[in-house]
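This report concerns only the one structure given below.
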Amino acid sequence: MSFETIDTNVKALWRFDYDSNIKPLRDLYEVAKKEQWNAALDIPWHIETDPSQIGDMSAPNAEPYDFVKALPKEKQIEFAKRRSAHLLSNFLHGEQGAMMICGQLVEVVPDMDGKLYASTQVIDEARHVEVFHRYISRLDRIYPIMPGLKALLNAVLTADLWQMKCIGMQVIAESIAMGSFKTMLAITHDEVFKKILQLTSQDEARHVSYGLIYMKDAIPKMNEPDRDRLEDFAFTAMTLLATTPQMEGGRSTDPFEQIYLELGIDPQKATSEIISRMMDPEAVRAQPNPFRDYAYPQLERVGVITDRTRAKYREVGLAA
Ligand SMILES: [Fe+2]
Ligand SMILES: [Fe+2]
């Protein structure tokens, strides 16, 4: 058994007038009730997963890496399987974070429509935890959370403004999840995984809508110092997730090192090939980038990116 605690400072807010005051949020709440599904019953778990059909998530829009192509076929399949388990482990941890953050949203958001809707998202995220956990157990083990993801989730859990929680979770994290699920859906041929991604994406689309609707209503009502803080928080959240090095406590946590060693891949060779591709601007442009392609445009849409902060996103390559 392992657990970790962080102190959060959540100010719970009661409402005693129960009438709807943000109609689009109330409508979304109605949609959420209709679109509930059951992770135990609505996924075709009876279909066995053929490992060769999962797909390699490591190079979505490109030729597989040379170090992968050099492996015998069955080891290539094994690599893809473990790589997927690593990626999905991070989604699994992210889903747990989302579940906890939505629990906070129920407490902190000031409108009854916002509270009612957020309560439906708590069960959505519980379902996602359930479904990813179950699917990963078909592939491999659960890998540890990557430091950047953990830093983002902890920043949102401890944020003091409810608008920060809403931007960090509903707009940034949810948009990135949507983009990544879309990429994975295009790669995999496993029917079970496809169904998981389809149903989960349907929920995540609603979660992004909540963020967009609510923030469009709330941001113009904020005072200037809080708005500035929110804009800075959005930038920090984006960079935490996109650029935090894979180091924790001074120790390299190259997430794939364990996979390389177990499959007889030379870690140095693999890492240098991955880094050289990351340094090639053309290759980077060709790869899907959920930060640039999904999260940034949504931040722009709700008015969190302003003349004061736009240049900072460009500097770190996160602007669309
Ligand atoms: Fe989720
Ligand atoms: Fe979500």
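If you're wondering about the labels, chains in the structure tokens are A, B, ... by order shown, residues count from 1 in each chain, ligands from 1 in order shown.
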
Listing only residues of chain A within 8 Å of ligand 1, what is the closest atom pair and its distance in Å (to one decimal) for each, using only C-alpha atoms and all ligand atoms, sorted by chain and residue number ascending, as a Markdown table?
```
| residue | atom | partner | partner_atom_place_in_ligand_line | distance |
| --- | --- | --- | --- | --- |
| A:Gly94 | CA | ligand 1 | 1 (Fe) | 7.5 |
| A:Glu95 | CA | ligand 1 | 1 (Fe) | 4.9 |
| A:Ala98 | CA | ligand 1 | 1 (Fe) | 6.5 |
| A:Met99 | CA | ligand 1 | 1 (Fe) | 7.7 |
| A:Asp124 | CA | ligand 1 | 1 (Fe) | 6.6 |
| A:Glu125 | CA | ligand 1 | 1 (Fe) | 4.5 |
| A:Ala126 | CA | ligand 1 | 1 (Fe) | 7.9 |
| A:Arg127 | CA | ligand 1 | 1 (Fe) | 8.0 |
| A:His128 | CA | ligand 1 | 1 (Fe) | 5.3 |
| A:Val129 | CA | ligand 1 | 1 (Fe) | 7.6 |
| A:Glu174 | CA | ligand 1 | 1 (Fe) | 7.4 |
| A:Ala177 | CA | ligand 1 | 1 (Fe) | 7.7 |
| A:Thr200 | CA | ligand 1 | 1 (Fe) | 6.7 |
| A:Asp203 | CA | ligand 1 | 1 (Fe) | 7.1 |
| A:Glu204 | CA | ligand 1 | 1 (Fe) | 5.9 |
```

Which residues of stretch 177-283 of chain A have any atom within 7 Å of an atom in stretch 29-50 of chain A when counting only C-alpha atoms, and what is the closest pair of atoms for each, with the distance in Å to one decimal? Order the rows by chain and rising number and write it as JSON lines.
```
{"residue": "A:Asp190", "atom": "CA", "partner": "A:Thr49", "partner_atom": "CA", "distance": 6.4}
{"residue": "A:Val192", "atom": "CA", "partner": "A:Pro44", "partner_atom": "CA", "distance": 5.9}
{"residue": "A:Lys195", "atom": "CA", "partner": "A:Ile43", "partner_atom": "CA", "distance": 6.3}
{"residue": "A:Ile196", "atom": "CA", "partner": "A:Ile43", "partner_atom": "CA", "distance": 6.6}
```

Please write the residues from the selection above to a file, keeping C-alpha atoms, as a CSV table (one decimal), in the first residue's frame.
```csv
chain,number,residue,atom,x,y,z
A,190,ASP,CA,-7.9,-3.2,-30.6
A,192,VAL,CA,-11.7,-3.0,-26.5
A,195,LYS,CA,-14.5,1.4,-27.3
A,196,ILE,CA,-12.8,2.7,-24.1
```

For A:Val208, the nearest of the candidates A:Thr271, A:Asn154, A:Gln287, A:Gln298, counting only C-alpha atoms
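Going through A:Thr271, A:Asn154, A:Gln287, A:Gln298 one by one, the smallest distance to A:Val208 is for A:Gln298.
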
With 12 Å as the cut-off and only C-alpha atoms counted, what is the closest atom pair between each nearby residue of stretch 59-154 of chain A and stretch 12-18 of chain A? Distances in Å to one decimal, ordered by chain and number, as JSON lines.
```
{"residue": "A:Gly103", "atom": "CA", "partner": "A:Ala12", "partner_atom": "CA", "distance": 10.8}
{"residue": "A:Gln104", "atom": "CA", "partner": "A:Ala12", "partner_atom": "CA", "distance": 8.3}
{"residue": "A:Leu105", "atom": "CA", "partner": "A:Ala12", "partner_atom": "CA", "distance": 9.1}
{"residue": "A:Val106", "atom": "CA", "partner": "A:Ala12", "partner_atom": "CA", "distance": 8.4}
{"residue": "A:Glu107", "atom": "CA", "partner": "A:Ala12", "partner_atom": "CA", "distance": 4.6}
{"residue": "A:Val108", "atom": "CA", "partner": "A:Ala12", "partner_atom": "CA", "distance": 5.0}
{"residue": "A:Val109", "atom": "CA", "partner": "A:Leu13", "partner_atom": "CA", "distance": 7.1}
{"residue": "A:Pro110", "atom": "CA", "partner": "A:Leu13", "partner_atom": "CA", "distance": 6.4}
{"residue": "A:Asp111", "atom": "CA", "partner": "A:Arg15", "partner_atom": "CA", "distance": 7.2}
{"residue": "A:Met112", "atom": "CA", "partner": "A:Tyr18", "partner_atom": "CA", "distance": 6.3}
{"residue": "A:Asp113", "atom": "CA", "partner": "A:Tyr18", "partner_atom": "CA", "distance": 8.6}
{"residue": "A:Gly114", "atom": "CA", "partner": "A:Arg15", "partner_atom": "CA", "distance": 11.0}
{"residue": "A:Lys115", "atom": "CA", "partner": "A:Arg15", "partner_atom": "CA", "distance": 9.6}
{"residue": "A:Leu116", "atom": "CA", "partner": "A:Tyr18", "partner_atom": "CA", "distance": 10.4}
```

Please save N, CA and C atoms of the selected residues as an mmCIF file, in the first residue's frame.
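Result went into result-v8.cif, see below:
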```
data_model
loop_
_atom_site.group_PDB
_atom_site.id
_atom_site.type_symbol
_atom_site.label_atom_id
_atom_site.label_comp_id
_atom_site.auth_asym_id
_atom_site.auth_seq_id
_atom_site.Cartn_x
_atom_site.Cartn_y
_atom_site.Cartn_z
ATOM 1 N N GLY A 103 -14.289 16.820 -7.245
ATOM 2 C CA GLY A 103 -14.882 16.827 -5.906
ATOM 3 C C GLY A 103 -14.723 18.209 -5.280
ATOM 4 N N GLN A 104 -13.556 18.802 -5.490
ATOM 5 C CA GLN A 104 -13.340 20.166 -4.981
ATOM 6 C C GLN A 104 -14.253 21.172 -5.686
ATOM 7 N N LEU A 105 -14.426 20.983 -7.007
ATOM 8 C CA LEU A 105 -15.263 21.941 -7.748
ATOM 9 C C LEU A 105 -16.682 21.975 -7.190
ATOM 10 N N VAL A 106 -17.197 20.809 -6.810
ATOM 11 C CA VAL A 106 -18.545 20.777 -6.217
ATOM 12 C C VAL A 106 -18.599 21.739 -5.022
ATOM 13 N N GLU A 107 -17.523 21.756 -4.250
ATOM 14 C CA GLU A 107 -17.502 22.620 -3.063
ATOM 15 C C GLU A 107 -17.291 24.093 -3.386
ATOM 16 N N VAL A 108 -16.350 24.365 -4.302
ATOM 17 C CA VAL A 108 -15.891 25.755 -4.430
ATOM 18 C C VAL A 108 -16.624 26.617 -5.455
ATOM 19 N N VAL A 109 -17.246 26.006 -6.481
ATOM 20 C CA VAL A 109 -17.838 26.890 -7.496
ATOM 21 C C VAL A 109 -19.064 27.596 -6.906
ATOM 22 N N PRO A 110 -19.303 28.847 -7.347
ATOM 23 C CA PRO A 110 -20.318 29.651 -6.669
ATOM 24 C C PRO A 110 -21.756 29.459 -7.166
ATOM 25 N N ASP A 111 -21.959 28.703 -8.249
ATOM 26 C CA ASP A 111 -23.316 28.603 -8.815
ATOM 27 C C ASP A 111 -23.873 27.193 -8.660
ATOM 28 N N MET A 112 -25.168 27.095 -8.404
ATOM 29 C CA MET A 112 -25.778 25.771 -8.232
ATOM 30 C C MET A 112 -25.644 24.943 -9.508
ATOM 31 N N ASP A 113 -25.814 25.580 -10.675
ATOM 32 C CA ASP A 113 -25.663 24.839 -11.934
ATOM 33 C C ASP A 113 -24.247 24.269 -12.041
ATOM 34 N N GLY A 114 -23.276 25.049 -11.589
ATOM 35 C CA GLY A 114 -21.873 24.601 -11.615
ATOM 36 C C GLY A 114 -21.645 23.434 -10.675
ATOM 37 N N LYS A 115 -22.291 23.468 -9.517
ATOM 38 C CA LYS A 115 -22.126 22.379 -8.539
ATOM 39 C C LYS A 115 -22.789 21.090 -9.048
ATOM 40 N N LEU A 116 -24.014 21.244 -9.565
ATOM 41 C CA LEU A 116 -24.739 20.050 -10.035
ATOM 42 C C LEU A 116 -23.955 19.365 -11.147
#
```

With stretch 67-75 of chain A as the partner and 10 Å as the cut-off, tabulate the residues of stretch 173-265 of chain A that qualify, each row holding the nearest pair of atoms and their distance in Å to one decimal, using only C-alpha atoms, sorted by chain and rising number, as a tab-separated table.
```
residue	atom	partner	partner_atom	distance
A:Leu263	CA	A:Lys75	CA	7.0
A:Gly264	CA	A:Leu71	CA	9.1
A:Ile265	CA	A:Phe67	CA	7.4
```

Give me every strand (DSSP E or B) residue in stretch 135-314 of chain A, going by DSSP on the backbone, as a PDB file with N, CA and C atoms, in the first residue's frame.
```
ATOM      1  N   MET A 247      12.880  14.444 -13.993  1.00  0.00           N
ATOM      2  CA  MET A 247      13.804  14.285 -12.877  1.00  0.00           C
ATOM      3  C   MET A 247      13.024  14.492 -11.595  1.00  0.00           C
ATOM      4  N   GLU A 248      13.289  13.682 -10.626  1.00  0.00           N
ATOM      5  CA  GLU A 248      12.657  13.910  -9.334  1.00  0.00           C
ATOM      6  C   GLU A 248      13.691  13.602  -8.265  1.00  0.00           C
ATOM      7  N   ARG A 251      17.143  12.421  -9.279  1.00  0.00           N
ATOM      8  CA  ARG A 251      17.306  11.096  -9.883  1.00  0.00           C
ATOM      9  C   ARG A 251      16.585  11.076 -11.218  1.00  0.00           C
ATOM     10  N   SER A 252      17.260  10.555 -12.226  1.00  0.00           N
ATOM     11  CA  SER A 252      16.613  10.489 -13.523  1.00  0.00           C
ATOM     12  C   SER A 252      15.459   9.499 -13.442  1.00  0.00           C
TER      13      SER A 252
END
```

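Among the candidate residues A:Tyr65, A:Tyr135, A:Phe181, A:Phe193, the one lying nearest to ligand 2 is A:Phe181, with distances computed using only C-alpha atoms and all ligand atoms.
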
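Comparing the minimum interatomic distances between ligand 2 and each of A:Ser209, A:Thr183, A:Asn90, A:Ser137, counting only C-alpha atoms and all ligand atoms, we find that A:Ser209 sits nearest.
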
Between A:Arg285, A:Arg314, A:Arg206, A:His93, which is the closest to ligand 2 once you count only C-alpha atoms and all ligand atoms?
A:Arg206
